[in-house]
Amino acid sequence: MHKNREERQYITYRSPFDPCPPLPCRTYVVPVNQYVVFQPADLPQFSPAEALKHGTLWPALYSPYESRQRKGE
């Protein structure tokens, strides 16, 4: 189970004729804004300084970025 609710995974197809087997699982991220159909009234907001830090004004649309390089460390 993933700790990031926006991250999904799938199992790649493995052909018996592939010279090199692919990675067993691949991951992708579904943007949070895909879950919000319209902007509801009175949606909570970050302060201006926090909004600049997080890259969005609304906490409901914030999705933390985890570097793939740091995952292996």
# chains A, B, ... in the order shown; residues from 1 in each chain; ligands from 1
$ residues_around --residues "region 55-68 of chain A" --least-positions-apart "3" --cutoff "10 Å" --atoms "only C-alpha atoms" --output "list in words"
Asn4, Arg5, Glu6, Val29, Val30, Pro31, Val32, Asn33, Gln34, Tyr35, Val36, Leu43, Pro44, Gln45, Phe46, Ser47, Pro48, Ala49, Glu50, Ala51, Leu52, Lys71, Gly72 and Glu73 of chain A
$ write_last_selection --atoms "N, CA and C atoms" --output "short mmCIF file (atom, residue, chain, number, x, y, z; two decimals), in the first residue's frame"
data_model
loop_
_atom_site.label_atom_id
_atom_site.label_comp_id
_atom_site.auth_asym_id
_atom_site.auth_seq_id
_atom_site.Cartn_x
_atom_site.Cartn_y
_atom_site.Cartn_z
N ASN A 4 1.23 7.66 -0.45
CA ASN A 4 0.72 8.77 -1.24
C ASN A 4 -0.57 8.32 -1.93
N ARG A 5 -1.67 8.94 -1.62
CA ARG A 5 -2.96 8.49 -2.15
C ARG A 5 -3.11 8.76 -3.64
N GLU A 6 -2.25 9.62 -4.22
CA GLU A 6 -2.33 9.91 -5.65
C GLU A 6 -1.48 8.97 -6.48
N VAL A 29 1.51 9.01 -11.12
CA VAL A 29 0.79 9.88 -10.20
C VAL A 29 -0.43 10.47 -10.90
N VAL A 30 -1.57 10.36 -10.25
CA VAL A 30 -2.80 10.98 -10.73
C VAL A 30 -2.90 12.33 -10.02
N PRO A 31 -2.93 13.44 -10.77
CA PRO A 31 -3.00 14.76 -10.13
C PRO A 31 -4.25 14.89 -9.26
N VAL A 32 -4.10 15.58 -8.14
CA VAL A 32 -5.20 15.75 -7.19
C VAL A 32 -6.36 16.49 -7.83
N ASN A 33 -6.08 17.42 -8.74
CA ASN A 33 -7.17 18.19 -9.34
C ASN A 33 -8.10 17.34 -10.19
N GLN A 34 -7.74 16.10 -10.48
CA GLN A 34 -8.62 15.21 -11.22
C GLN A 34 -9.79 14.74 -10.35
N TYR A 35 -9.66 14.85 -9.04
CA TYR A 35 -10.72 14.43 -8.12
C TYR A 35 -11.71 15.56 -7.82
N VAL A 36 -11.33 16.80 -8.07
CA VAL A 36 -12.18 17.95 -7.77
C VAL A 36 -12.84 18.40 -9.07
N LEU A 43 -13.68 27.03 0.30
CA LEU A 43 -12.63 26.02 0.39
C LEU A 43 -11.50 26.58 1.24
N PRO A 44 -11.00 25.84 2.24
CA PRO A 44 -9.91 26.36 3.08
C PRO A 44 -8.70 26.74 2.24
N GLN A 45 -7.96 27.78 2.69
CA GLN A 45 -6.81 28.27 1.96
C GLN A 45 -5.58 28.33 2.84
N PHE A 46 -4.41 28.12 2.21
CA PHE A 46 -3.14 28.35 2.89
C PHE A 46 -2.93 29.85 3.05
N SER A 47 -2.06 30.24 3.97
CA SER A 47 -1.63 31.64 4.03
C SER A 47 -0.80 31.91 2.78
N PRO A 48 -0.62 33.18 2.40
CA PRO A 48 0.15 33.46 1.19
C PRO A 48 1.56 32.85 1.20
N ALA A 49 2.25 32.90 2.35
CA ALA A 49 3.60 32.33 2.43
C ALA A 49 3.56 30.81 2.27
N GLU A 50 2.60 30.15 2.90
CA GLU A 50 2.46 28.70 2.77
C GLU A 50 2.05 28.32 1.35
N ALA A 51 1.20 29.12 0.72
CA ALA A 51 0.77 28.85 -0.65
C ALA A 51 1.96 28.88 -1.61
N LEU A 52 2.87 29.82 -1.42
CA LEU A 52 4.07 29.86 -2.26
C LEU A 52 4.95 28.65 -2.00
N LYS A 71 14.06 8.05 -3.30
CA LYS A 71 13.37 6.83 -2.91
C LYS A 71 14.36 5.70 -2.65
N GLY A 72 15.41 5.62 -3.45
CA GLY A 72 16.38 4.54 -3.31
C GLY A 72 17.34 4.73 -2.15
N GLU A 73 17.43 5.93 -1.61
CA GLU A 73 18.38 6.17 -0.51
C GLU A 73 17.88 5.68 0.82
#
$ atom_distance --atom1 "CA of Tyr10 (chain A)" --atom2 "CA of Thr27 (chain A)"
6.5 Å
$ atom_distance --atom1 "CA of Lys53 (chain A)" --atom2 "CA of Arg26 (chain A)"
29.0 Å
$ select_by_dssp --residues "region 2-72 of chain A" --states "alpha helix (DSSP H)" --output "count of residues only"
11
$ atom_distance --atom1 "CA of Gln39 (chain A)" --atom2 "CA of Gln9 (chain A)"
28.0 Å
